[in-house]
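This is entry-v6.csv (CSV, C-alpha atoms).
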```csv
chain,number,residue,atom,x,y,z
A,610,MET,CA,0.0,0.0,0.0
A,611,ILE,CA,1.2,3.5,-0.9
A,612,GLY,CA,0.7,6.6,1.2
A,613,PHE,CA,2.4,9.2,3.3
A,614,THR,CA,3.1,10.3,6.9
A,615,SER,CA,1.2,13.4,8.0
A,616,VAL,CA,4.4,15.1,9.1
A,617,SER,CA,4.8,15.8,5.4
A,618,LEU,CA,2.0,18.3,5.8
A,619,ARG,CA,2.6,19.7,9.2
A,620,SER,CA,1.0,23.1,8.4
A,621,TYR,CA,-2.2,21.5,7.2
A,622,PRO,CA,-5.2,20.7,9.4
A,623,VAL,CA,-6.4,17.1,9.6
A,624,GLU,CA,-9.3,17.7,7.3
A,625,GLU,CA,-7.0,19.0,4.5
A,626,VAL,CA,-4.5,16.2,5.0
A,627,VAL,CA,-7.3,13.7,4.4
A,628,ASP,CA,-8.6,15.6,1.3
A,629,ILE,CA,-5.0,15.6,-0.1
A,630,ALA,CA,-4.7,11.9,0.5
A,631,ALA,CA,-8.0,11.3,-1.4
A,632,LYS,CA,-6.9,13.5,-4.3
A,633,ALA,CA,-3.5,11.7,-4.5
A,634,GLY,CA,-5.2,8.3,-4.4
A,635,ALA,CA,-3.2,7.4,-1.3
A,636,GLU,CA,-4.2,4.2,0.3
A,637,ILE,CA,-2.7,4.8,3.8
A,638,ILE,CA,-1.7,7.5,6.2
A,639,GLU,CA,0.7,7.4,9.1
A,640,TRP,CA,-0.6,10.1,11.4
A,641,GLY,CA,2.0,12.0,13.4
A,642,SER,CA,1.8,12.7,17.1
A,643,ASP,CA,3.7,16.0,16.9
A,644,PHE,CA,1.0,18.1,15.2
A,645,HIS,CA,-2.1,16.2,14.1
A,646,ILE,CA,-3.0,13.5,16.6
A,647,LYS,CA,-2.3,14.3,20.3
A,648,THR,CA,-5.4,13.0,22.0
A,649,ILE,CA,-8.0,10.3,21.7
A,650,GLU,CA,-10.5,12.9,20.4
A,651,ASP,CA,-8.0,13.8,17.6
A,652,ALA,CA,-7.7,10.1,16.8
A,653,GLU,CA,-11.4,9.6,16.6
A,654,LYS,CA,-11.8,12.6,14.3
A,655,ALA,CA,-9.1,11.4,12.0
A,656,LYS,CA,-10.6,7.9,11.9
A,657,LYS,CA,-14.0,9.2,11.0
A,658,LEU,CA,-12.6,11.4,8.1
A,659,CYS,CA,-10.4,8.6,6.8
A,660,ASP,CA,-13.2,6.0,6.9
A,661,GLU,CA,-15.4,8.4,4.9
A,662,LYS,CA,-12.7,8.6,2.2
A,663,GLY,CA,-11.8,4.9,2.3
A,664,ILE,CA,-8.3,5.6,3.5
A,665,ILE,CA,-6.6,3.2,5.9
A,666,ILE,CA,-4.8,4.5,9.0
A,667,ASN,CA,-1.8,2.4,8.9
A,668,SER,CA,0.3,3.7,11.8
A,669,TYR,CA,0.7,6.2,14.5
A,670,GLY,CA,4.0,8.0,14.1
A,671,THR,CA,5.3,9.0,17.5
A,672,TYR,CA,8.6,10.3,18.8
A,673,TYR,CA,8.4,8.2,21.9
A,674,ARG,CA,11.8,6.7,22.7
A,675,THR,CA,12.1,3.1,23.9
A,676,GLY,CA,14.1,3.1,27.0
A,677,CYS,CA,12.6,6.1,28.7
A,678,GLY,CA,10.4,4.0,30.9
A,679,ASN,CA,7.3,6.2,30.9
A,680,GLU,CA,4.7,3.5,31.2
A,681,GLU,CA,1.7,5.9,31.6
A,682,GLN,CA,2.7,7.9,28.5
A,683,TRP,CA,3.1,4.7,26.5
A,684,LYS,CA,-0.3,3.4,27.6
A,685,GLU,CA,-1.9,6.6,26.4
A,686,ILE,CA,-0.1,6.3,23.1
A,687,CYS,CA,-1.5,2.8,22.7
A,688,ARG,CA,-5.0,4.0,23.6
A,689,ILE,CA,-4.7,6.8,20.9
A,690,ALA,CA,-3.5,4.4,18.3
A,691,ASP,CA,-6.3,2.0,19.1
A,692,ALA,CA,-8.9,4.7,18.9
A,693,MET,CA,-7.9,5.5,15.3
A,694,GLY,CA,-7.6,1.9,14.3
A,695,ALA,CA,-3.9,2.0,13.6
A,696,LYS,CA,-2.0,-1.3,13.3
A,697,TYR,CA,1.4,0.0,14.2
A,698,ILE,CA,3.1,2.5,16.4
A,699,ARG,CA,6.3,4.1,15.1
A,700,THR,CA,8.9,4.8,17.9
A,701,TRP,CA,12.6,5.6,18.2
A,702,LEU,CA,15.0,3.1,19.7
A,703,GLY,CA,16.8,4.8,22.6
A,704,THR,CA,18.7,8.1,22.6
A,705,LYS,CA,22.2,7.0,21.5
A,706,GLY,CA,23.8,5.5,18.4
A,707,SER,CA,24.6,1.8,18.8
A,708,SER,CA,28.4,2.4,19.0
A,709,LYS,CA,27.8,4.6,22.0
A,710,THR,CA,25.4,2.3,23.8
A,711,ASN,CA,27.0,0.1,26.5
A,712,GLU,CA,25.8,-3.3,27.5
A,713,LYS,CA,24.0,-2.1,30.6
A,714,GLU,CA,22.1,0.5,28.6
A,715,TYR,CA,21.4,-2.1,25.9
A,716,ALA,CA,19.9,-4.4,28.6
A,717,LEU,CA,17.6,-1.6,29.8
A,718,LEU,CA,16.5,-1.0,26.2
A,719,LEU,CA,15.5,-4.6,25.9
A,720,GLU,CA,13.7,-4.6,29.2
A,721,ASP,CA,11.7,-1.5,28.3
A,722,ALA,CA,11.0,-2.8,24.8
A,723,ARG,CA,9.6,-6.0,26.1
A,724,ARG,CA,7.4,-4.2,28.6
A,725,MET,CA,6.2,-1.9,25.9
A,726,ALA,CA,5.5,-4.8,23.5
A,727,ASP,CA,3.4,-6.6,26.2
A,728,ILE,CA,1.3,-3.5,26.7
A,729,ALA,CA,0.9,-2.9,23.0
A,730,ALA,CA,-0.2,-6.5,22.5
A,731,GLU,CA,-3.2,-5.9,24.8
A,732,TYR,CA,-4.4,-3.6,22.0
A,733,GLY,CA,-3.3,-5.8,19.1
A,734,LEU,CA,-0.6,-3.3,18.2
A,735,VAL,CA,2.8,-3.7,16.7
A,736,ILE,CA,5.8,-1.5,17.6
A,737,CYS,CA,8.0,-0.4,14.7
A,738,HIS,CA,11.3,1.3,15.4
A,739,GLU,CA,12.4,3.8,12.9
A,740,CYS,CA,15.9,3.6,11.3
A,741,HIS,CA,17.4,6.8,12.6
A,742,HIS,CA,20.7,8.4,13.4
A,743,HIS,CA,21.5,8.7,17.1
A,744,THR,CA,19.4,5.6,18.0
A,745,TYR,CA,20.3,2.0,18.5
A,746,ASN,CA,18.6,1.2,15.2
A,747,ASP,CA,21.4,3.0,13.2
A,748,THR,CA,23.2,0.0,11.6
A,749,GLU,CA,22.2,-3.3,10.1
A,750,SER,CA,24.0,-5.3,12.7
A,751,SER,CA,22.6,-3.4,15.7
A,752,SER,CA,19.1,-3.6,14.2
A,753,LEU,CA,19.3,-7.3,13.8
A,754,ARG,CA,20.8,-7.9,17.2
A,755,PHE,CA,18.0,-6.0,18.9
A,756,LEU,CA,15.2,-7.6,16.8
A,757,LYS,CA,16.5,-11.1,17.7
A,758,ASP,CA,17.2,-10.3,21.3
A,759,VAL,CA,13.9,-8.6,22.1
A,760,GLU,CA,12.0,-11.9,21.7
A,761,ARG,CA,8.6,-10.3,21.0
A,762,SER,CA,6.7,-11.0,17.8
A,763,ASN,CA,5.0,-7.6,17.8
A,764,VAL,CA,8.3,-5.7,17.6
A,765,LYS,CA,9.3,-4.9,14.0
A,766,THR,CA,11.2,-2.2,12.2
A,767,TYR,CA,11.0,0.4,9.5
A,768,TYR,CA,13.3,0.5,6.6
A,769,GLN,CA,14.7,3.7,5.1
A,770,SER,CA,17.7,4.4,2.9
A,771,TRP,CA,20.2,7.1,3.8
A,772,TYR,CA,21.0,7.4,0.1
A,773,ARG,CA,24.8,7.2,0.5
A,774,ASP,CA,25.8,3.6,0.3
A,775,GLU,CA,23.8,1.5,-2.2
A,776,SER,CA,25.4,-1.9,-1.3
A,777,GLY,CA,25.0,-1.2,2.4
A,778,ASP,CA,21.4,-0.1,2.0
A,779,LYS,CA,20.6,-3.2,-0.1
A,780,SER,CA,22.2,-5.5,2.5
A,781,LYS,CA,20.3,-3.9,5.4
A,782,LEU,CA,17.0,-4.3,3.5
A,783,PHE,CA,17.6,-7.9,2.5
A,784,ASN,CA,18.9,-9.0,5.9
A,785,THR,CA,16.3,-7.2,8.1
A,786,PHE,CA,13.4,-7.9,5.7
A,787,PRO,CA,11.7,-10.5,7.8
A,788,TYR,CA,11.2,-7.8,10.4
A,789,VAL,CA,10.4,-4.9,8.0
A,790,GLN,CA,6.8,-3.6,8.3
A,791,ASP,CA,6.9,-0.3,6.5
A,792,VAL,CA,9.3,1.7,4.4
A,793,HIS,CA,9.9,5.4,4.6
A,794,ILE,CA,10.9,7.0,1.2
A,795,SER,CA,11.1,10.4,-0.3
A,796,PHE,CA,12.6,12.2,-3.3
A,797,SER,CA,15.7,14.3,-3.8
A,798,GLU,CA,13.7,17.6,-4.0
A,799,LEU,CA,13.7,17.6,-0.2
A,800,THR,CA,16.3,20.4,0.2
A,801,LYS,CA,17.7,19.3,3.5
A,802,PHE,CA,18.8,16.0,2.0
A,803,GLN,CA,20.5,17.4,-1.1
A,804,LYS,CA,24.0,16.5,0.4
A,805,PHE,CA,22.9,12.9,-0.3
A,806,HIS,CA,23.8,13.2,-3.9
A,807,LYS,CA,22.6,9.7,-4.8
A,808,LYS,CA,19.0,10.5,-3.7
A,809,ASP,CA,17.5,10.7,-7.1
A,810,LYS,CA,14.9,9.0,-9.1
A,811,ALA,CA,17.3,6.2,-10.2
A,812,PHE,CA,18.2,5.4,-6.6
A,813,ILE,CA,14.5,5.4,-5.5
A,814,GLU,CA,13.8,3.1,-8.5
A,815,LYS,CA,16.4,0.7,-7.3
A,816,ILE,CA,14.9,0.6,-3.8
A,817,ILE,CA,11.5,-0.1,-5.2
A,818,GLY,CA,13.0,-2.8,-7.4
A,819,TRP,CA,14.6,-4.5,-4.3
A,820,LEU,CA,11.2,-4.3,-2.5
A,821,LYS,CA,9.4,-5.9,-5.5
A,822,GLU,CA,12.1,-8.6,-5.6
A,823,LEU,CA,11.4,-9.4,-2.0
A,824,ASP,CA,7.6,-9.4,-2.6
A,825,PHE,CA,7.1,-6.5,-0.1
A,826,SER,CA,3.5,-6.1,1.0
A,827,GLY,CA,3.7,-3.5,3.7
A,828,GLY,CA,3.3,0.2,3.6
A,829,LEU,CA,5.4,2.4,1.3
A,830,ILE,CA,5.2,5.7,3.0
A,831,ILE,CA,6.5,9.1,1.7
A,832,GLU,CA,8.0,10.8,4.7
A,833,PHE,CA,8.5,14.3,3.4
A,834,THR,CA,7.8,16.4,0.3
A,835,GLN,CA,9.3,19.6,-1.1
A,836,ASN,CA,8.2,22.7,0.8
A,837,ASN,CA,5.7,20.5,2.8
A,838,SER,CA,3.3,21.2,0.0
A,839,GLY,CA,0.1,19.3,-0.6
A,840,GLU,CA,0.4,19.8,-4.3
A,841,ASN,CA,3.9,18.3,-4.3
A,842,LEU,CA,2.9,15.4,-2.1
A,843,ILE,CA,0.1,14.5,-4.6
A,844,LYS,CA,2.8,14.4,-7.4
A,845,ASP,CA,5.1,12.3,-5.2
A,846,VAL,CA,2.4,9.7,-4.4
A,847,ASN,CA,1.8,9.4,-8.1
A,848,ARG,CA,5.5,9.1,-8.9
A,849,ILE,CA,5.8,6.3,-6.4
A,850,LYS,CA,2.8,4.6,-7.9
A,851,GLU,CA,4.3,4.8,-11.4
A,852,LEU,CA,7.7,3.4,-10.3
A,853,TRP,CA,6.0,0.6,-8.4
A,854,ASN,CA,3.8,-0.3,-11.4
A,855,LYS,CA,6.6,-0.3,-14.0
```

Do you think you could lay out the structure here as structure tokens?
Amino acid sequence: MIGFTSVSLRSYPVEEVVDIAAKAGAEIIEWGSDFHIKTIEDAEKAKKLCDEKGIIINSYGTYYRTGCGNEEQWKEICRIADAMGAKYIRTWLGTKGSSKTNEKEYALLLEDARRMADIAAEYGLVICHECHHHTYNDTESSSLRFLKDVERSNVKTYYQSWYRDESGDKSKLFNTFPYVQDVHISFSELTKFQKFHKKDKAFIEKIIGWLKELDFSGGLIIEFTQNNSGENLIKDVNRIKELWNK
């Protein structure tokens, strides 16, 4: 399924985000917790609007960090995700890169992740850690180590390229693929990523080719668009569709 995360349209109200999704023919939305969905009431409103347009709420994109141990906040996140019918919750894995995380800190990450997974399971939810710098999920080896050690079937991961190392990106995708639920993707017009000179249509096309080779059936989610513009996002959704259907 192809769609986008609502952080792509931070300046748009929920109603307009849904309208843009419908115009783009997006199948799914990952709603972000930073601007759009902060309460159960927000979640219920988004669900009603998406249901009316036939759009699936795939995930709840949060900035909650595994390891912080805030059980009440995590329970509230699960309640919000459940209220809007999301299947997955996106989180960040710790506060340090894997090379700076010692064994004691790693053990605490695992302990908290297991506790979070057990709470999420009560709502039928899956936790997906984003691949991000300055988190434990920053390399192929650290991602695999964590996913194997956590021993919870409802702990998965996202995949996203950093558009610098084609062979490394491919290796990470193929080796973590059994745990990959969703993929974040975006085009080179996103100005802040211009330093990643390989982030162009040809590289995006290769990533999509790898996903098709692996028979990927999760969510292909555009994470950002140029100028955070609804018009540009509609174009990007259609570009991803064209590449997928080639």

Residues within 7 Å of stretch 728-738 of chain A, please, as a PDB file with C-alpha atoms, in the coordinates of the input. Count all atoms listed in the file; anything in the same chain fewer than 5 positions from it doesn't count.
```
ATOM      1  CA  CYS A 687      -1.500   2.800  22.700  1.00  0.00           C
ATOM      2  CA  ASP A 691      -6.300   2.000  19.100  1.00  0.00           C
ATOM      3  CA  LYS A 696      -2.000  -1.300  13.300  1.00  0.00           C
ATOM      4  CA  TYR A 697       1.400   0.000  14.200  1.00  0.00           C
ATOM      5  CA  ILE A 698       3.100   2.500  16.400  1.00  0.00           C
ATOM      6  CA  ARG A 699       6.300   4.100  15.100  1.00  0.00           C
ATOM      7  CA  THR A 700       8.900   4.800  17.900  1.00  0.00           C
ATOM      8  CA  TRP A 701      12.600   5.600  18.200  1.00  0.00           C
ATOM      9  CA  LEU A 702      15.000   3.100  19.700  1.00  0.00           C
ATOM     10  CA  ASN A 763       5.000  -7.600  17.800  1.00  0.00           C
ATOM     11  CA  VAL A 764       8.300  -5.700  17.600  1.00  0.00           C
ATOM     12  CA  LYS A 765       9.300  -4.900  14.000  1.00  0.00           C
ATOM     13  CA  THR A 766      11.200  -2.200  12.200  1.00  0.00           C
ATOM     14  CA  TYR A 767      11.000   0.400   9.500  1.00  0.00           C
TER      15      TYR A 767
END
```

> In Å, how far is it from atom CA of A:Trp819 to atom CA of A:Val759?
Replying inline: 26.7 Å

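Closest approach to A:Ile638 among A:Tyr672, A:Ile831, A:Ser776, A:Val792 is made by A:Ile831 (distances from all atoms listed in the file).
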
>> Restricting the calculation to all atoms listed in the file: of A:Leu820, A:Ile665, A:Leu718, A:Cys677, which residue gets closest to A:Met693?
In response: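 Comparing A:Leu820, A:Ile665, A:Leu718, A:Cys677 against A:Met693, the winner is A:Ile665.
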
>> Taking 2 positions as the minimum chain separation for residues in the same chain, which residues sit within 12 Å of A:Ile817 when counting all atoms listed in the file? Answer as a count of residues only.
In response: 34

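Remark: for A:Lys632, the closest of the candidate residues A:Gly703, A:Gly612, A:Lys713, A:Phe833 is A:Gly612 (distances computed over all atoms listed in the file).
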
> atom CA of A:Ser668 and atom CA of A:Gly694, how far apart in Å?
Replying inline: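 Result for atom CA of A:Gly694 versus atom CA of A:Ser668: 8.5 Å, one decimal.
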
>> Between A:Ala655, A:Gln682, A:Gln835, A:Lys757, which residue has the minimum interatomic distance to A:Asp628, considering all atoms listed in the file?
In response: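 Once distances to A:Asp628 are computed over all atoms listed in the file, the minimum belongs to A:Ala655.
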
> What gap, in Å, lies between atom CA of A:Glu625 and atom CA of A:Gly827?
Replying inline: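 Here the two named atoms are 24.9 Å from each other.
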
>> So, with all atoms listed in the file as the atoms that count, which of A:Glu636, A:Asp774, A:Ala652, A:Phe644 lies closest to A:Ser620?
In response: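 With all atoms listed in the file as the atom set, the closest residue is A:Phe644.
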
Return as AutoDock Vina command-line options the box centre and box size in Å, one decimal, for an axis-aligned box around all listed atoms of stretch 826-842 of chain A padded by 4 Å per side.
```
--center_x 4.7 --center_y 8.3 --center_z 0.2 --size_x 17.2 --size_y 36.8 --size_z 17.0
```
